[in-house]
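In what follows, a single structure is set out as structure tokens and then discussed.
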Amino acid sequence: MDGTTSVLELIPWSQTYSVGVGNFDGQHRGLVGLINEFHSATVSGQSKEILEYVLDRLVKYAREHFSAEEHVLEAHAYPGLEVHRYEHRKFLESMRKFQQDFRAGKVTPTVDVMFFLRDWFKKHFQGTDQRYVPFLKLKKVC
């Protein structure tokens, strides 16, 4: 997007998404920003190329964040790591399928896709991610 278009927020940032790890919180804000940008581009009827560009950035950023998060959790032997990895993997599989179908013209961004993104990230930030917070505090990571 050109920076002059206002972004319609699907997910307003909330401190309830914070995990107390600066890098992770910054990445969570970035993910929320990209979801909001994708939502805004969809609602304002942007071209398929712009939607694909924003979607690609969102998936790439999610992959990078998931990798960074898993690396820290693995380095500290977090006991819930495999469940956490599984959730990340399932999300990325769903998004890859959507990307393929979108590129092939089989689907378009819909309210269902927006709700999936909103609900998945809220649930993940406020649920799964919050479960590692006490563990990382014990390890003095946050």
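If you're wondering about the labels, chains in the structure tokens are A, B, ... by order shown, residues count from 1 in each chain, ligands from 1 in order shown.
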
Leaving out Phe115 of chain A and any residue of its chain fewer than 3 positions from it, which residues lie within 12 Å of it when counting only C-alpha atoms, given as a list of chain:residue names?
-> A:Leu10, A:Ile11, A:Ile35, A:Asn36, A:His39, A:Pro109, A:Thr110, A:Val111, A:Asp112, A:Arg118, A:Asp119, A:Trp120, A:Phe121, A:Lys122, A:Lys123

Residue neighbourhood Cys142 of chain A, 10 Å, only C-alpha atoms, exclusion window fewer than 4 positions, as a list of chain:residue names =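 So, after excluding close chain neighbours, the residues are A:Val19, A:Gly20, A:Val21, A:Gly22, A:Val133, A:Pro134, A:Phe135, A:Leu136, A:Lys137, A:Leu138.
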
Interatomic distance between atom CA of Val54 of chain A and atom CA of Asp25 of chain A?
->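 Computing it gives 20.7 Å between the two atoms.
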
Using only C-alpha atoms, which residue out of A:Val141, A:Leu117, A:Val7, A:Val43 lies closest to Ala62 of chain A?
-> A:Leu117

What is the distance, in Å and to one decimal place, between atom CA of Arg103 of chain A and atom CA of Val59 of chain A?
->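 Atom CA of Arg103 of chain A sits 14.0 Å away from atom CA of Val59 of chain A.
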
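Of note, atom CA of Asp101 of chain A and atom CA of Glu52 of chain A are spaced 11.2 Å apart.
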
Between A:Phe24, A:Phe116, A:Tyr78, A:Tyr17, which is the closest to Phe98 of chain A once you count only C-alpha atoms?
->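 Result for the nearest residue to Phe98 of chain A: A:Phe116.
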
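If you measure from each of A:Gly26, A:Phe102, A:Glu74, A:Phe91 to Leu51 of chain A using only C-alpha atoms, the closest one turns out to be A:Phe102.
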
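Each of A:Leu58, A:Arg29, A:Lys139, A:His71 was compared to Gln15 of chain A using only C-alpha atoms, and A:Arg29 turns out to be the nearest.
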
Tell me which protein, DNA and RNA residues are within 8 Å of Gly80 of chain A, counting only C-alpha atoms, leaving out same-chain ones fewer than 3 positions away, and put them as an mmCIF file with N, CA and C atoms, in the first residue's frame.
```
data_model
loop_
_atom_site.group_PDB
_atom_site.id
_atom_site.type_symbol
_atom_site.label_atom_id
_atom_site.label_comp_id
_atom_site.auth_asym_id
_atom_site.auth_seq_id
_atom_site.Cartn_x
_atom_site.Cartn_y
_atom_site.Cartn_z
ATOM 1 N N VAL A 83 3.307 -28.789 21.002
ATOM 2 C CA VAL A 83 1.934 -28.314 20.796
ATOM 3 C C VAL A 83 1.969 -26.941 20.124
ATOM 4 N N HIS A 84 2.888 -26.106 20.577
ATOM 5 C CA HIS A 84 3.038 -24.770 20.016
ATOM 6 C C HIS A 84 3.423 -24.858 18.535
ATOM 7 N N TYR A 132 3.335 -19.847 27.728
ATOM 8 C CA TYR A 132 4.785 -19.901 27.913
ATOM 9 C C TYR A 132 5.322 -18.742 28.756
#
```

Pick the closest to Gly127 of chain A from A:Lys106, A:Phe38, A:Leu73, A:Glu87: which is it, counting only C-alpha atoms?
-> A:Glu87

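With only C-alpha atoms as the atoms that count, the residue of A:Leu81, A:Lys60, A:Glu70, A:Glu9 with the shortest distance to Ser40 of chain A is A:Glu9.
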
DSSP-assigned helix (DSSP H, G or I) members of chain A, reported as a PyMOL selection string = chain A and resi 15-17+22-43+48-75+81-103+111-138
